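Q: One structure follows; several queries about it will come next.
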Amino acid sequence: MAAEFTTLLSSKSSRTKRRRIHDNVQRAILEITSDSTQFTTPPDGAEAECEDATWDVADSEPDFPVNYSVNPDGSPTGATVFTCANIFEEQDVREAPISSESECSDTSDHDSDEFNDDGLADEISNWAKQCNILQSHVGALLSVLRKYHPRLPKDPRTLFETPREVSVRELTAGGGYYHFGIKQVLQNMRTRGLLELLPNEHSVMLQLSIDGLQLFKSSAYQFWPILGSVVNAVRQYVFEVGLYGGCQKPSDVSEYLSDLVSEMKQLETDGIVFGDVKYSVSVHSIVCDAPARSYVKCIKPHNSYHGCERCIEDGKWIAGRVTFLSTDKPLRTDDSFRNKADDDHHIGESPIACLNVGLVTQFPLDEMHLVYLGVMRRLIMCWLRGPIETKCRLPGQSVRTISDRLLSVQRYICCEFVRKPRSLSEIDRWKATEFRTFLLYLGPIVLKGILSKQHFRHFMLLHVAMYCLTSSRLCSSHLDYAQMLLSKFVQEAPELYGPEFVVYNVHSLIHICDDARLYGHLHAVNAFVYESHLKQVKKFVQHANNPLKQAVKRIIERQNGEVHAEKHAVRKDVICQKQHSSGPVCSSISCVKQFMKLICSTCTITSSVNNNCVLFSNGDIGFVRNIVQSDGDEVFLLCERFGSVGSFFNYPCKSEDLGHCLVATKLSPTLLAVKAAAIASKCLCLPHDRDSFVIIPLCHI
Ligand SMILES: [Zn+2]
């Protein structure tokens, strides 16, 4: 136990807890790791130790509790913040074995007034939840802390408000389902300050996500969580709506979704009341991968002849797979779906059909699975392992060159990317975010001169189209252009990669613009945030004994948890951190304070080499050398500006025309002061030739 606590708190976790809880935890560590006769509590000494061990909050303080974190793509600001969470993952523990506390309590001769106990229990509770600490370990910690704080509970279940029993609905084909309740969760969030609707909103627009989650490598046991978020909230948090657990996928989708459907019908009719105000409730969209969509919609699987969800293309069997070669077949509509106009597409009646939900338009084609894990991965696999006769397969030397180029740009990757690029030799372990980085940013640079001209130009069609559809700056103005490029990409694919290349994912590219058109932006309807949250749900299970009840109890504990209002307050436009005094400064600004870090609503800017490139609203691009605050409290960036920009590529358009992939030269050493409010976008900056850089404004944040 002592070693575990030591490991826990000496781990490289970078999360700062408040001084008070930190002091007390350190005190507990000393108690556990030392003989009791060696334990002393000199306040000054303890404080000095804590100063040394203070965790650095500035780098990545989470914005919200783990269970509610929205992580746009699994980025570091979100859910995967507490590295100590998996320390005990492999241990076989039982829930809440309460350690002995016979010696605690009132016999302590330490000065319990030295600390203010108010809120201490809440802080321990929050810390344990955020770090996913086992209840047995929290019990041991409480037994130590109670010597000095006898008002603390001795049972961690009291601390966490753990329900002693949860009522799981048994399904007829096996497995169980627990419904947390949309209304209850939303009202709970509202009470806790986690649900604030955008100004002038009179309705709650729910986005739901349904997907399966394998829990153990050695067992078929799986979860099927129903997750949700409010898309028209000031800040979006993912929450659990329901959770199924069983040894197979719930075989009857109507039975699985019955609680969700009945509650949504009620909410569609009655709305929801916050305070004295009644709001209508509607489903904005349901985000799933293709197998989950066919399951929920009760349609043929995506790899069957009538599997396209958006048009009535009749697939063809080529080289062992169903392909969809046409790009001009009539489109499905919500009405034609309800009327089952194409009977071959359906295998049953979806339980969602009784809700006010369009079963075509409100099931977006999730870009994460379709484009990044689907098309981009398929393209790379063709280059690495494709059939020789299609001439798309690259020689080994070319593959090594691409890998070398990927590795060489690692140090230039901004903090907004969760992962740094890896070699193609690790392609089987690449994650969705890595395929996205390759397609949206690095592909044109690392593939130039490697792929044949035809294959490179074909890849550039996909690159430019997806860059436009994921960029809030370009999406609405370039929708038709992206649609044209994607159609061209799909039409040219059979000649370059063989007709068997055009499977469901590739064909569906011609339909994905419809989602961008309807929802304004592909970011609004992708699965990155939900995939990230599923990892948290998985961590709630710490042993194989009744995983469903374990997870349900952990989720309820977190839904009842305290919220630090200051952490969840809507952020100011910019936040300056890490004050310094080492310059440089600019004579035109009356500088009061200097900072190393500037946190904006979507990005973080520093003066370090990978995080200092900025595009300003007047079109200027520069490197940030310092961040200063004037005597008028206004924040300025002191920048060196590039004197000239040009296009990195000219097909299918000049990259300069999109403000994308700009070759920047003639960096002026003169410092210019630019208001932080003038930041248009943070940029990825990669070295090009001597004294020139390729600048790519970030589009995925
Ligand atoms: Zn289609």
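For the structure tokens, the naming scheme is as follows: chains receive sequential letters (A, B, ...) according to their order of presentation, residues are indexed from 1 within each chain, and ligands are indexed from 1 in presentation order.
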Could I get the residue neighbourhood of ligand 1 at 9 Å, counting only C-alpha atoms and all ligand atoms, as a VMD selection string?
A: chain A and resid 307 to 314 324 326 to 332 504 507 to 511
Q: With DSSP run on the backbone, what are the strand (DSSP E or B) residues within segment 194-364 of chain A? I'd like them as a ChimeraX atom specification.
A: /A:197,203-210,213-214,222-230,233,239-246,272-274,277-287,299,311,316-318,321-323,331,346
Q: Please provide as a PyMOL selection string all residues within 10 Å of segment 452-456 of chain A, with the sequence filter that same-chain residues fewer than 6 positions apart are discarded (counting only C-alpha atoms).
A: chain A and resi 383+391-392+394+443-444+492-493+496-497+651
Q: Considering only helix (DSSP H, G or I) as DSSP defines it on the backbone, what residues of segment 119-186 of chain A qualify? List them as a PyMOL selection string.
A: chain A and resi 120-130+135-145+156-160+182-186
